[in-house]
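The structure file work_29.txt is reproduced below (compact mmCIF, C-alpha atoms).
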# COMPACT_ATOMS: atom_id res chain seq x y z
CA MET J 137 -4.59 32.78 -70.17
CA SER J 138 -6.59 31.41 -73.02
CA LEU J 139 -7.23 27.93 -74.32
CA ALA J 140 -4.45 26.65 -76.59
CA PRO J 141 -5.38 26.27 -80.28
CA LEU J 142 -5.92 22.71 -81.51
CA ASP J 143 -2.65 22.21 -83.36
CA ALA J 144 0.08 19.58 -83.53
CA ALA J 145 1.78 20.88 -80.37
CA THR J 146 -1.44 20.65 -78.33
CA LEU J 147 -2.22 17.16 -79.66
CA TYR J 148 1.24 15.85 -78.80
CA GLY J 149 1.12 17.65 -75.48
CA LEU J 150 -2.04 15.76 -74.54
CA MET J 151 -0.39 12.56 -75.76
CA GLY J 152 2.62 13.28 -73.54
CA ALA J 153 0.34 13.86 -70.53
CA ILE J 154 -1.43 10.52 -71.11
CA LEU J 155 1.91 8.72 -71.57
CA VAL J 156 3.12 10.07 -68.22
CA GLY J 157 -0.08 8.82 -66.58
CA LEU J 158 0.22 5.36 -68.18
CA GLY J 159 3.88 5.07 -67.25
CA LEU J 160 3.22 6.11 -63.66
CA TYR J 161 0.48 3.49 -63.35
CA GLY J 162 2.87 0.83 -64.63
CA VAL J 163 5.77 1.88 -62.40
CA VAL J 164 3.62 1.62 -59.28
CA LEU J 165 1.53 -1.43 -60.08
CA LEU J 166 3.41 -3.80 -62.38
CA GLY J 167 5.12 -6.85 -60.97
CA GLY J 168 8.67 -7.62 -62.01
CA PHE J 169 11.58 -5.22 -62.26
CA LEU J 170 11.87 -5.38 -66.04
CA ARG J 171 8.25 -4.36 -66.53
CA ARG J 172 8.59 -1.50 -64.07
CA LEU J 173 11.69 -0.31 -65.87
CA LEU J 174 9.81 -0.37 -69.18
CA ALA J 175 6.98 1.62 -67.62
CA PHE J 176 9.48 4.12 -66.23
CA ASN J 177 10.86 4.61 -69.73
CA LEU J 178 7.34 5.09 -71.12
CA LEU J 179 6.89 7.81 -68.50
CA GLY J 180 10.20 9.37 -69.52
CA GLY J 181 9.17 9.39 -73.17
CA GLY J 182 6.05 11.34 -72.20
CA VAL J 183 8.08 13.90 -70.24
CA PHE J 184 10.45 14.37 -73.17
CA ILE J 185 7.53 14.91 -75.54
CA LEU J 186 6.18 17.62 -73.20
CA PHE J 187 9.58 19.31 -73.51
CA GLY J 188 9.21 19.01 -77.28
CA VAL J 189 5.83 20.73 -77.09
CA ILE J 190 7.30 23.59 -75.05
CA ALA J 191 10.08 23.84 -77.65
CA ARG J 192 7.56 23.86 -80.51
CA ARG J 193 5.51 26.63 -78.91
CA GLY J 194 8.69 28.64 -78.38
CA ALA J 195 9.50 28.50 -82.10
CA GLY J 196 10.88 31.76 -83.34
CA ALA J 197 13.86 33.54 -84.80
CA GLY J 198 13.67 31.26 -87.84
CA PHE J 199 13.94 28.03 -85.84
CA SER J 200 11.24 25.35 -85.97
CA GLY J 201 11.44 25.15 -82.18
CA ASP J 202 13.22 26.64 -79.18
CA PRO J 203 16.61 24.89 -79.38
CA VAL J 204 17.26 25.01 -75.61
CA PRO J 205 14.59 22.48 -74.50
CA GLN J 206 15.45 20.35 -77.52
CA ALA J 207 19.09 20.20 -76.45
CA LEU J 208 17.98 19.35 -72.90
CA VAL J 209 15.90 16.46 -74.24
CA ILE J 210 18.88 15.10 -76.19
CA THR J 211 20.91 15.15 -72.99
CA GLY J 212 17.96 13.57 -71.18
CA ILE J 213 17.59 10.72 -73.66
CA VAL J 214 21.28 9.84 -73.34
CA VAL J 215 21.17 9.95 -69.53
CA ALA J 216 17.95 7.89 -69.52
CA PHE J 217 19.69 5.31 -71.68
CA CYS J 218 22.60 5.12 -69.23
CA ALA J 219 20.31 4.70 -66.22
CA THR J 220 18.26 2.08 -68.06
CA ALA J 221 21.37 0.15 -69.08
CA LEU J 222 22.65 0.14 -65.52
CA ALA J 223 19.25 -0.93 -64.17
CA ILE J 224 18.95 -3.74 -66.73
CA THR J 225 22.38 -5.07 -65.83
CA LEU J 226 21.38 -4.99 -62.15
CA ILE J 227 18.17 -6.88 -62.95
CA GLU J 228 20.09 -9.48 -64.96
CA ARG J 229 22.58 -9.97 -62.16
CA LEU J 230 19.77 -10.30 -59.61
CA ALA J 231 18.04 -12.90 -61.77
CA GLU J 232 21.33 -14.74 -62.15
CA ASP J 233 21.93 -14.87 -58.39
CA ASP J 234 18.31 -15.63 -57.51
CA GLY J 235 18.00 -18.56 -59.89
CA ASP J 236 18.65 -22.00 -58.44
CA ASP J 237 20.92 -22.74 -61.39
CA ALA J 238 23.78 -20.39 -62.22
CA SER J 239 23.68 -21.28 -65.92
CA GLY J 240 21.24 -18.49 -66.74
CA GLY J 241 24.03 -15.95 -67.02
CA GLY J 242 25.48 -17.42 -70.16
CA SER J 243 28.95 -17.34 -68.64
CA MET U 1222 -4.81 16.71 -93.12
CA GLY U 1223 -1.75 17.24 -90.96
CA LEU U 1224 -3.88 17.12 -87.84
CA ILE U 1225 -5.35 13.75 -88.84
CA LEU U 1226 -1.82 12.37 -89.21
CA ASP U 1227 -0.79 13.84 -85.85
CA GLY U 1228 -3.89 12.46 -84.18
CA GLY U 1229 -3.18 9.05 -85.67
CA ILE U 1230 0.41 9.07 -84.46
CA ALA U 1231 -0.69 10.19 -81.00
CA LEU U 1232 -3.36 7.49 -80.72
CA LEU U 1233 -0.96 4.83 -81.99
CA THR U 1234 1.70 5.87 -79.46
CA ILE U 1235 -0.78 5.75 -76.58
CA GLY U 1236 -2.07 2.39 -77.82
CA ILE U 1237 1.42 0.89 -78.00
CA ALA U 1238 2.26 2.29 -74.55
CA ALA U 1239 -0.89 0.78 -73.05
CA TRP U 1240 -0.15 -2.52 -74.78
CA THR U 1241 3.40 -2.52 -73.40
CA ILE U 1242 1.99 -2.08 -69.90
CA ARG U 1243 -0.63 -4.79 -70.32
CA ALA U 1244 1.39 -7.34 -72.36
CA ALA U 1245 1.24 -10.83 -70.88
CA ASP U 1246 4.92 -11.72 -71.11
CA ASP U 1247 8.12 -9.74 -70.72
CA PHE U 1248 9.50 -10.27 -74.19
CA ALA U 1249 6.31 -9.00 -75.81
CA ALA U 1250 6.52 -5.91 -73.61
CA VAL U 1251 10.11 -5.30 -74.76
CA VAL U 1252 9.05 -5.55 -78.40
CA GLY U 1253 6.22 -3.13 -77.65
CA PHE U 1254 8.68 -0.70 -76.10
CA VAL U 1255 10.95 -0.77 -79.17
CA ALA U 1256 7.92 -0.01 -81.34
CA TYR U 1257 7.05 2.81 -78.93
CA GLY U 1258 10.53 4.32 -79.45
CA LEU U 1259 10.15 4.22 -83.23
CA ILE U 1260 6.68 5.78 -83.25
CA LEU U 1261 7.88 8.49 -80.83
CA THR U 1262 10.54 9.29 -83.42
CA LEU U 1263 7.73 10.10 -85.86
CA ALA U 1264 6.15 12.38 -83.25
CA TRP U 1265 9.47 14.20 -82.85
CA THR U 1266 9.76 14.82 -86.59
CA ARG U 1267 6.18 16.14 -86.60
CA LEU U 1268 7.20 18.55 -83.83
CA GLY U 1269 10.02 19.80 -86.07
CA ALA U 1270 12.71 18.50 -83.69
CA TYR U 1271 14.82 16.48 -86.12
CA ASP U 1272 17.88 16.36 -83.86
CA VAL U 1273 15.79 14.85 -81.09
CA ALA U 1274 14.13 12.45 -83.55
CA LEU U 1275 17.57 11.15 -84.56
CA THR U 1276 18.56 10.72 -80.91
CA GLU U 1277 15.30 8.98 -80.01
CA ALA U 1278 15.63 6.59 -82.96
CA ALA U 1279 19.30 5.79 -82.29
CA ILE U 1280 19.44 5.73 -78.49
CA GLY U 1281 15.90 5.76 -77.09
CA GLY U 1282 14.56 3.07 -79.41
CA GLY U 1283 17.64 1.39 -80.86
CA ALA U 1284 20.32 1.06 -78.20
CA THR U 1285 17.85 0.76 -75.30
CA GLY U 1286 15.94 -1.83 -77.32
CA VAL U 1287 19.05 -3.98 -77.83
CA ILE U 1288 19.85 -4.09 -74.11
CA LEU U 1289 16.21 -4.76 -73.23
CA MET U 1290 16.16 -7.68 -75.68
CA ARG U 1291 19.27 -9.05 -74.01
CA ALA U 1292 17.55 -8.81 -70.62
CA GLY U 1293 14.24 -10.14 -71.95
CA ALA U 1294 16.01 -13.26 -73.16
CA ARG U 1295 17.86 -13.81 -69.87
CA VAL U 1296 15.57 -12.72 -67.09
CA LYS U 1297 12.94 -15.29 -66.17
CA PRO U 1298 9.48 -13.73 -66.12
CA ALA U 1299 8.44 -12.65 -62.66
CA PRO U 1300 5.57 -14.54 -61.09
CA ALA U 1301 2.49 -12.52 -61.91
CA ALA U 1302 1.52 -10.86 -58.66
CA ARG U 1303 -1.66 -9.09 -59.55
CA ALA U 1304 -2.42 -6.06 -57.47
CA SER U 1305 -5.70 -5.95 -55.65
CA LYS U 1306 -8.64 -4.22 -57.26
CA ARG U 1307 -8.54 -1.45 -54.68
CA ALA U 1308 -4.88 -0.73 -55.36
CA ARG U 1309 -5.53 -0.65 -59.10
CA ILE U 1310 -8.37 1.84 -58.75
CA LEU U 1311 -6.36 4.02 -56.37
CA VAL U 1312 -3.22 4.07 -58.52
CA GLY U 1313 -5.31 4.50 -61.65
CA ALA U 1314 -7.00 7.56 -60.15
CA LEU U 1315 -3.68 9.01 -59.03
CA SER U 1316 -2.09 8.49 -62.46
CA ALA U 1317 -5.14 9.97 -64.17
CA ALA U 1318 -4.91 13.01 -61.89
CA VAL U 1319 -1.25 13.55 -62.81
CA ALA U 1320 -2.07 13.17 -66.52
CA ALA U 1321 -5.00 15.60 -66.16
CA GLY U 1322 -2.78 18.15 -64.43
CA LEU U 1323 -0.22 17.97 -67.22
CA ALA U 1324 -2.98 18.17 -69.82
CA ALA U 1325 -4.26 21.33 -68.13
CA ILE U 1326 -0.79 22.87 -68.43
CA VAL U 1327 -0.73 21.93 -72.11
CA LEU U 1328 -4.19 23.38 -72.73
CA LEU U 1329 -3.61 26.62 -70.80
CA PRO U 1330 -0.16 27.76 -71.92
CA PRO U 1331 1.38 30.99 -70.67
CA GLU U 1332 1.27 33.94 -73.07
CA PRO U 1333 3.63 34.61 -74.71
CA ALA U 1334 5.24 31.18 -74.83
CA PRO U 1335 8.58 31.24 -73.02
CA SER U 1336 11.45 30.88 -75.49
CA LEU U 1337 15.17 31.41 -75.70
CA ALA U 1338 15.19 31.06 -79.49
CA LEU U 1339 15.96 34.76 -80.00
CA GLU U 1340 18.97 34.70 -77.68
CA VAL U 1341 20.28 31.55 -79.34
CA ARG U 1342 19.91 33.12 -82.80
CA GLU U 1343 21.66 36.28 -81.63
CA HIS U 1344 24.78 34.50 -80.38
CA LEU U 1345 24.90 31.52 -82.73
CA ALA U 1346 27.25 33.23 -85.20
CA SER U 1347 29.91 33.55 -82.50
CA THR U 1348 30.11 29.75 -82.16
CA GLY U 1349 30.75 29.23 -85.88
CA LEU U 1350 27.99 26.61 -85.93
CA GLY U 1351 24.85 26.61 -88.06
CA ASN U 1352 22.87 24.09 -86.01
CA PRO U 1353 21.31 25.92 -83.02
CA ILE U 1354 21.05 22.70 -81.00
CA GLY U 1355 24.74 22.01 -81.57
CA GLY U 1356 25.39 25.57 -80.38
CA VAL U 1357 23.37 25.04 -77.19
CA LEU U 1358 25.04 21.68 -76.47
CA MET U 1359 28.60 22.80 -77.18
CA ALA U 1360 28.60 26.43 -76.07
CA TYR U 1361 25.72 27.75 -73.95
CA ARG U 1362 25.18 24.55 -72.00
CA ALA U 1363 28.58 22.94 -72.47
CA ALA U 1364 28.76 22.03 -68.78
CA ASP U 1365 25.64 19.84 -69.23
CA THR U 1366 27.18 18.12 -72.20
CA PHE U 1367 30.44 17.55 -70.35
CA LEU U 1368 28.69 16.05 -67.32
CA GLU U 1369 26.55 13.96 -69.63
CA THR U 1370 29.61 12.26 -71.12
CA VAL U 1371 30.87 11.64 -67.59
CA VAL U 1372 27.49 10.06 -66.75
CA VAL U 1373 27.88 7.70 -69.72
CA LEU U 1374 31.35 6.75 -68.48
CA LEU U 1375 30.07 6.21 -64.92
CA ALA U 1376 27.25 4.04 -66.25
CA LEU U 1377 29.86 1.91 -68.03
CA PHE U 1378 31.84 1.55 -64.77
CA GLY U 1379 28.59 0.54 -63.07
CA VAL U 1380 27.86 -2.07 -65.73
CA TRP U 1381 31.39 -3.47 -65.48
CA SER U 1382 31.17 -3.60 -61.69
CA LEU U 1383 28.15 -5.90 -61.94
CA GLY U 1384 30.16 -8.72 -63.49
CA ARG U 1385 31.39 -11.61 -61.36
CA ASP U 1386 34.63 -11.04 -59.47
CA ALA U 1387 36.38 -13.80 -61.40
CA HIS U 1388 35.68 -12.03 -64.68
CA TRP U 1389 36.86 -8.53 -63.69
CA GLY U 1390 38.86 -7.08 -66.54
CA GLY U 1391 37.68 -9.82 -68.87
CA ARG U 1392 35.71 -9.69 -72.08
CA PRO U 1393 31.96 -9.06 -72.23
CA GLY U 1394 29.52 -11.46 -73.86
CA PRO U 1395 29.84 -15.07 -74.88
CA ALA U 1396 32.89 -16.13 -76.89
CA PRO U 1397 32.33 -15.74 -80.63
CA ARG U 1398 31.74 -18.98 -82.47
CA ALA U 1399 34.34 -18.73 -85.19
CA GLY U 1400 33.86 -20.17 -88.63
CA GLU U 1401 30.11 -19.98 -88.45
CA GLY U 1402 28.63 -19.21 -91.82
CA GLY U 1403 25.22 -17.81 -92.48
CA ALA U 1404 23.80 -14.47 -93.39
CA LEU U 1405 24.93 -12.40 -90.39
CA PRO U 1406 28.70 -12.23 -91.17
CA LEU U 1407 27.94 -11.33 -94.79
CA PHE U 1408 25.37 -8.76 -93.71
CA ALA U 1409 27.87 -7.26 -91.27
CA ARG U 1410 30.60 -7.11 -93.91
CA VAL U 1411 28.28 -5.21 -96.26
CA LEU U 1412 26.61 -2.93 -93.71
CA VAL U 1413 29.42 -2.02 -91.31
CA PRO U 1414 31.58 -0.01 -93.78
CA ALA U 1415 28.54 1.92 -94.98
CA GLY U 1416 27.36 2.42 -91.38
CA ILE U 1417 30.73 3.83 -90.34
CA VAL U 1418 30.59 6.38 -93.16
CA ILE U 1419 27.02 7.33 -92.20
CA GLY U 1420 27.98 7.67 -88.52
CA ILE U 1421 30.90 9.97 -89.30
CA TYR U 1422 28.71 11.97 -91.68
CA ILE U 1423 26.03 12.45 -88.99
CA VAL U 1424 28.69 13.80 -86.61
CA TRP U 1425 30.19 16.10 -89.22
CA VAL U 1426 26.90 17.47 -90.55
CA GLY U 1427 25.72 18.11 -86.97
CA ALA U 1428 27.54 21.46 -87.04
CA ASP U 1429 25.08 22.89 -89.52
CA ALA U 1430 22.15 20.49 -89.84
CA PRO U 1431 20.35 17.90 -87.70
CA GLY U 1432 22.90 15.41 -86.44
CA GLY U 1433 25.67 15.44 -83.89
CA LYS U 1434 28.10 13.41 -81.88
CA PHE U 1435 25.63 11.45 -79.76
CA GLN U 1436 23.61 10.30 -82.75
CA GLY U 1437 26.70 9.57 -84.85
CA ALA U 1438 28.48 7.81 -81.99
CA THR U 1439 25.44 5.58 -81.47
CA ILE U 1440 25.52 4.53 -85.12
CA LEU U 1441 29.26 3.80 -84.84
CA ALA U 1442 28.61 1.81 -81.66
CA ALA U 1443 25.85 -0.13 -83.43
CA MET U 1444 28.33 -1.06 -86.16
CA ALA U 1445 30.81 -2.32 -83.56
CA ILE U 1446 28.04 -4.38 -81.93
CA LEU U 1447 26.94 -5.79 -85.28
CA ALA U 1448 30.52 -6.75 -86.17
CA GLY U 1449 30.81 -8.39 -82.73
CA MET U 1450 27.53 -10.31 -83.09
CA ALA U 1451 28.63 -11.57 -86.50
CA GLY U 1452 31.89 -12.81 -84.99
CA LEU U 1453 34.04 -10.52 -87.16
CA VAL U 1454 35.67 -8.82 -84.18
CA GLU U 1455 36.08 -9.95 -80.60
CA ALA U 1456 34.96 -7.80 -77.69
CA PRO U 1457 38.04 -6.18 -76.11
CA ALA U 1458 39.26 -7.10 -72.64
CA THR U 1459 37.86 -4.40 -70.36
CA SER U 1460 41.18 -4.09 -68.53
CA GLY U 1461 43.04 -3.06 -71.70
CA ARG U 1462 45.09 0.08 -71.25
CA ARG U 1463 44.48 1.28 -74.79
CA LEU U 1464 40.75 0.75 -74.43
CA ARG U 1465 40.67 2.76 -71.23
CA TRP U 1466 42.52 5.65 -72.84
CA LEU U 1467 40.10 5.50 -75.74
CA LEU U 1468 37.18 5.74 -73.31
CA SER U 1469 38.60 8.64 -71.35
CA ALA U 1470 40.04 10.63 -74.29
CA GLY U 1471 36.81 12.51 -74.96
CA PRO U 1472 36.11 13.69 -71.39
CA ILE U 1473 39.84 14.52 -70.89
CA VAL U 1474 40.00 16.65 -74.05
CA PHE U 1475 36.71 18.34 -73.11
CA VAL U 1476 37.77 19.18 -69.56
CA GLY U 1477 41.27 20.19 -70.76
CA ILE U 1478 39.90 22.71 -73.25
CA GLY U 1479 37.35 23.78 -70.64
CA LEU U 1480 40.06 24.47 -68.04
CA ALA U 1481 42.19 26.29 -70.63
CA GLY U 1482 39.18 28.57 -71.10
CA ILE U 1483 39.61 29.96 -67.57
CA PRO U 1484 42.85 31.89 -68.32
CA LEU U 1485 42.24 32.31 -72.07
CA ALA U 1486 38.56 33.26 -72.21
CA GLY U 1487 37.66 34.10 -68.63
CA ALA U 1488 35.40 31.17 -67.76
CA PHE U 1489 35.35 27.39 -67.48
CA LEU U 1490 34.30 25.87 -70.82
CA ALA U 1491 34.45 29.27 -72.55
CA TYR U 1492 36.21 29.31 -75.91
CA PRO U 1493 38.69 32.08 -76.80
CA PRO U 1494 37.20 34.34 -79.51
CA GLY U 1495 38.13 33.25 -83.01
CA PHE U 1496 38.89 29.67 -82.00
CA GLU U 1497 35.34 28.53 -81.22
CA LYS U 1498 34.75 26.37 -84.28
CA PRO U 1499 38.11 24.53 -84.34
CA LEU U 1500 37.98 23.89 -80.58
CA ILE U 1501 34.39 22.62 -80.76
CA LEU U 1502 35.46 20.37 -83.63
CA VAL U 1503 38.36 18.92 -81.64
CA ILE U 1504 36.04 18.22 -78.68
CA GLU U 1505 33.37 16.69 -80.91
CA VAL U 1506 35.82 14.33 -82.64
CA ALA U 1507 37.35 13.17 -79.34
CA LEU U 1508 33.89 12.78 -77.76
CA THR U 1509 32.56 10.84 -80.75
CA VAL U 1510 35.34 8.25 -80.50
CA SER U 1511 34.97 7.88 -76.73
CA LEU U 1512 31.16 7.88 -76.76
CA ALA U 1513 31.02 5.24 -79.50
CA ALA U 1514 33.29 2.99 -77.43
CA MET U 1515 31.32 3.68 -74.22
CA LEU U 1516 27.92 3.01 -75.81
CA ALA U 1517 29.10 -0.19 -77.52
CA LEU U 1518 30.57 -1.51 -74.26
CA ILE U 1519 27.47 -0.56 -72.24
CA VAL U 1520 25.36 -2.57 -74.69
CA ALA U 1521 27.88 -5.44 -74.58
CA GLY U 1522 27.35 -5.67 -70.82
CA PRO U 1523 29.58 -6.73 -67.94
CA PRO U 1524 32.60 -8.99 -68.47
CA GLU U 1525 31.50 -12.61 -68.60
CA ARG U 1526 34.71 -14.51 -69.29
CA ALA U 1527 38.38 -14.22 -68.45
CA LYS U 1528 40.58 -12.20 -70.77
What would the structure in this file look like if it were written as structure tokens?
Amino acid sequence: MSLAPLDAATLYGLMGAILVGLGLYGVVLLGGFLRRLLAFNLLGGGVFILFGVIARRGAGAGFSGDPVPQALVITGIVVAFCATALAITLIERLAEDDGDDASGGGS
Amino acid sequence: MGLILDGGIALLTIGIAAWTIRAADDFAAVVGFVAYGLILTLAWTRLGAYDVALTEAAIGGGATGVILMRAGARVKPAPAARASKRARILVGALSAAVAAGLAAIVLLPPEPAPSLALEVREHLASTGLGNPIGGVLMAYRAADTFLETVVVLLALFGVWSLGRDAHWGGRPGPAPRAGEGGALPLFARVLVPAGIVIGIYIVWVGADAPGGKFQGATILAAMAILAGMAGLVEAPATSGRRLRWLLSAGPIVFVGIGLAGIPLAGAFLAYPPGFEKPLILVIEVALTVSLAAMLALIVAGPPERAK
């Protein structure tokens, strides 16, 4: 094993690592569900970027990147959106039921 | 020169992420997150992953941003419960350790870099597609893509289930205020037709160039949401039979063709030789319609009024 060259993939890889760290910190420490959910999505963005770096380094056969991790990330982004949407709706419903007035739901 | 640009994008992304974590109020954090999604899109284009960049812009930043804004406006900010200094140091150290571990993996990559690009190139011609990512999604990993559409549908069921009992089967969102003038209805009338054409184009071109059904369906869903926000169309009753068929058409067509592959091509989700491209096209069209409806309804939220 040798040190990776300083190129775009390495730079974005380091960025992805830092984003995962930042997101993790937020998920554990932030107060409020919405903020934790945001932090969780920041973490997810970092993980996806790491996949992108692996794809970039696997470039070959005339492709700008290995298409398999890229396709996995596309699937991942859609699934992350679904989970986020469900979580947000849960948070909204919780806020609606917690509040002393029921008018917050806009119903 | 390129490296300076990449470094700038990377620093900006980290800065926005840190700001989103530290922002004083929830709405500011949501705005920060939307900006994060857009700047990540730039990073994806710099990594040469244009299909992913489109998805990140449409779904990761756009659609997620819209729902987050909805929540940011409705959810009262949580009372700031600041963690103790000890907890912050401990969690900070743990997070830094995870980041350092990942950085080490990035800096010491295996040689040669693992890649399936050659295999994809070798078999791509047999799918009749020119876009390798489309080939992976629709042929080599079709089971993933199928389950993914089911996940979207399940998420929609989950969102619907979170409405109040009295509103089950009703329409999502507040009732449109008819007859309201202003710029939004005009904007929607001008943009929606163009947006529909662009959405369909993104789906169609996805066979050979960056694009695809998820990205195109998100644009179509955005147009439906815009038309709804402008009061041009009313959100459908979620109990509607036609709506439910529309939602399930994509997964049904996909699983139907997949099951037909067992006798005809020897495996679930295998396409009989010679019919790959037309079958993939049929699946993509059905999925686009269903996905656009699912995504628009997920963003619209649970039913909030009777039908």
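For Ala207 (chain J), the list of residues within 8 Å, based on all atoms listed in the file and with local chain neighbours fewer than 2 positions off taken out, reads J:Pro203, J:Val204, J:Pro205, J:Val209, J:Ile210, J:Thr211, U:Val1273, U:Ile1354, U:Gly1355, U:Val1357, U:Leu1358.
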Query - Of the listed residues J:Leu174, J:Gly196, J:Ile227, J:Gly201, that which approaches Thr1285 (chain U) most closely, counting only C-alpha atoms - result: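 Nearest to Thr1285 (chain U): J:Leu174.
Going from CA of Thr1509 (chain U) over to CA of Ala1364 (chain U), you cover 16.8 Å.
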Counting all atoms listed in the file, which residues in chain J sit no more than 6 Å from chain U? For each one, give the nearest pair of atoms and the distance in Å, sorted by chain then residue number, as JSON lines.
{"residue": "J:Leu139", "atom": "CA", "partner": "U:Leu1329", "partner_atom": "CA", "distance": 5.2}
{"residue": "J:Ala140", "atom": "CA", "partner": "U:Leu1328", "partner_atom": "CA", "distance": 5.1}
{"residue": "J:Gly149", "atom": "CA", "partner": "U:Val1327", "partner_atom": "CA", "distance": 5.8}
{"residue": "J:Leu150", "atom": "CA", "partner": "U:Ala1324", "partner_atom": "CA", "distance": 5.4}
{"residue": "J:Met151", "atom": "CA", "partner": "U:Ala1231", "partner_atom": "CA", "distance": 5.8}
{"residue": "J:Ala153", "atom": "CA", "partner": "U:Ala1320", "partner_atom": "CA", "distance": 4.7}
{"residue": "J:Ile154", "atom": "CA", "partner": "U:Ala1320", "partner_atom": "CA", "distance": 5.3}
{"residue": "J:Gly157", "atom": "CA", "partner": "U:Ser1316", "partner_atom": "CA", "distance": 4.6}
{"residue": "J:Leu160", "atom": "CA", "partner": "U:Ser1316", "partner_atom": "CA", "distance": 5.9}
{"residue": "J:Tyr161", "atom": "CA", "partner": "U:Ser1316", "partner_atom": "CA", "distance": 5.7}
{"residue": "J:Gly167", "atom": "CA", "partner": "U:Ala1302", "partner_atom": "CA", "distance": 5.9}
{"residue": "J:Gly168", "atom": "CA", "partner": "U:Ala1299", "partner_atom": "CA", "distance": 5.1}
{"residue": "J:Gly194", "atom": "CA", "partner": "U:Ser1336", "partner_atom": "CA", "distance": 4.6}
{"residue": "J:Gly196", "atom": "CA", "partner": "U:Ala1338", "partner_atom": "CA", "distance": 5.8}
{"residue": "J:Ala197", "atom": "CA", "partner": "U:Leu1339", "partner_atom": "CA", "distance": 5.4}
{"residue": "J:Ser200", "atom": "CA", "partner": "U:Gly1269", "partner_atom": "CA", "distance": 5.7}
{"residue": "J:Asp202", "atom": "CA", "partner": "U:Ala1338", "partner_atom": "CA", "distance": 4.8}
{"residue": "J:Pro203", "atom": "CA", "partner": "U:Ile1354", "partner_atom": "CA", "distance": 5.2}
{"residue": "J:Ala207", "atom": "CA", "partner": "U:Ile1354", "partner_atom": "CA", "distance": 5.5}
{"residue": "J:Ile210", "atom": "CA", "partner": "U:Val1273", "partner_atom": "CA", "distance": 5.8}
{"residue": "J:Cys218", "atom": "CA", "partner": "U:Ala1376", "partner_atom": "CA", "distance": 5.6}
{"residue": "J:Leu222", "atom": "CA", "partner": "U:Val1380", "partner_atom": "CA", "distance": 5.7}
{"residue": "J:Glu228", "atom": "CA", "partner": "U:Val1296", "partner_atom": "CA", "distance": 6.0}
{"residue": "J:Ala231", "atom": "CA", "partner": "U:Val1296", "partner_atom": "CA", "distance": 5.9}
{"residue": "J:Ser243", "atom": "CA", "partner": "U:Glu1525", "partner_atom": "CA", "distance": 5.4}
**Report entry** Atom-to-atom span, CA of Gly1390 (chain U) and CA of Val215 (chain J), Å
**Finding:**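 CA of Gly1390 (chain U) sits 24.7 Å away from CA of Val215 (chain J).
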Query raised in the report: For Ala144 (chain J), which residue out of J:Ile190, J:Ile213, J:Leu208, J:Ala221 is the nearest one, using all atoms listed in the file?
Result: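 Of all the options, J:Ile190 lies closest to Ala144 (chain J).
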Requested in this report: In Å, rounded to a single decimal, give me how far CA of Phe184 (chain J) is from CA of Gln206 (chain J).
Outcome: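 Answer for the CA of Gln206 (chain J) to CA of Phe184 (chain J) separation: 8.9 Å.
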Query - Test item: residues at most 8 Å from Ile1423 (chain U), only C-alpha atoms, excluding those fewer than 2 positions along its chain, as a list in words - result: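 Listed by chain and then number, they are Ile1419, Gly1420, Ile1421, Trp1425, Val1426, Gly1427, Pro1431, Gly1432, Gly1433, Lys1434, Gln1436 and Gly1437 of chain U.
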Query raised in the report: Looking at J:Phe187, J:Phe199, J:Phe217, J:Phe176, which one is nearest to Leu158 (chain J), with distances taken over all atoms listed in the file?
Result: J:Phe176
Report task. List every protein, DNA or RNA residue with an atom no more than 9 Å from (30.0, 29.1, -89.8) in the file's coordinates, counting all atoms listed in the file, and format the result as a PyMOL selection string. Result -> chain U and resi 1346-1351+1428-1429+1498
Query raised in the report: Can you list, as number ranges by chain, every protein, DNA or RNA residue that comes within 12 Å of Leu1407 (chain U) when you count only C-alpha atoms, leaving out same-chain residues fewer than 4 positions away?
Result: U: 1401-1403, 1411-1414, 1447-1448, 1450-1453
**Report entry** Nearest to Thr1262 (chain U) by atom-to-atom distance, counting all atoms listed in the file, from J:Ile185, J:Val164, J:Leu147, J:Ala223
**Finding:**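 Of J:Ile185, J:Val164, J:Leu147, J:Ala223, the one nearest Thr1262 (chain U) is J:Ile185, counting all atoms listed in the file.
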Could you write region 146-151 of chain J as an mmCIF file, keeping the file's coordinate frame, with N, CA and C atoms rebuilt where they are missing?
data_model
loop_
_atom_site.group_PDB
_atom_site.id
_atom_site.type_symbol
_atom_site.label_atom_id
_atom_site.label_comp_id
_atom_site.auth_asym_id
_atom_site.auth_seq_id
_atom_site.Cartn_x
_atom_site.Cartn_y
_atom_site.Cartn_z
ATOM 1 N N THR J 146 -0.454 20.980 -79.356
ATOM 2 C CA THR J 146 -1.440 20.650 -78.330
ATOM 3 C C THR J 146 -1.749 19.153 -78.331
ATOM 4 N N LEU J 147 -1.925 18.598 -79.550
ATOM 5 C CA LEU J 147 -2.220 17.160 -79.660
ATOM 6 C C LEU J 147 -1.126 16.333 -79.003
ATOM 7 N N TYR J 148 0.141 16.639 -79.353
ATOM 8 C CA TYR J 148 1.240 15.850 -78.800
ATOM 9 C C TYR J 148 1.424 16.138 -77.311
ATOM 10 N N GLY J 149 1.059 17.341 -76.897
ATOM 11 C CA GLY J 149 1.120 17.650 -75.480
ATOM 12 C C GLY J 149 0.161 16.770 -74.684
ATOM 13 N N LEU J 150 -1.072 16.628 -75.212
ATOM 14 C CA LEU J 150 -2.040 15.760 -74.540
ATOM 15 C C LEU J 150 -1.552 14.323 -74.552
ATOM 16 N N MET J 151 -0.940 13.922 -75.690
ATOM 17 C CA MET J 151 -0.390 12.560 -75.760
ATOM 18 C C MET J 151 0.675 12.376 -74.679
#
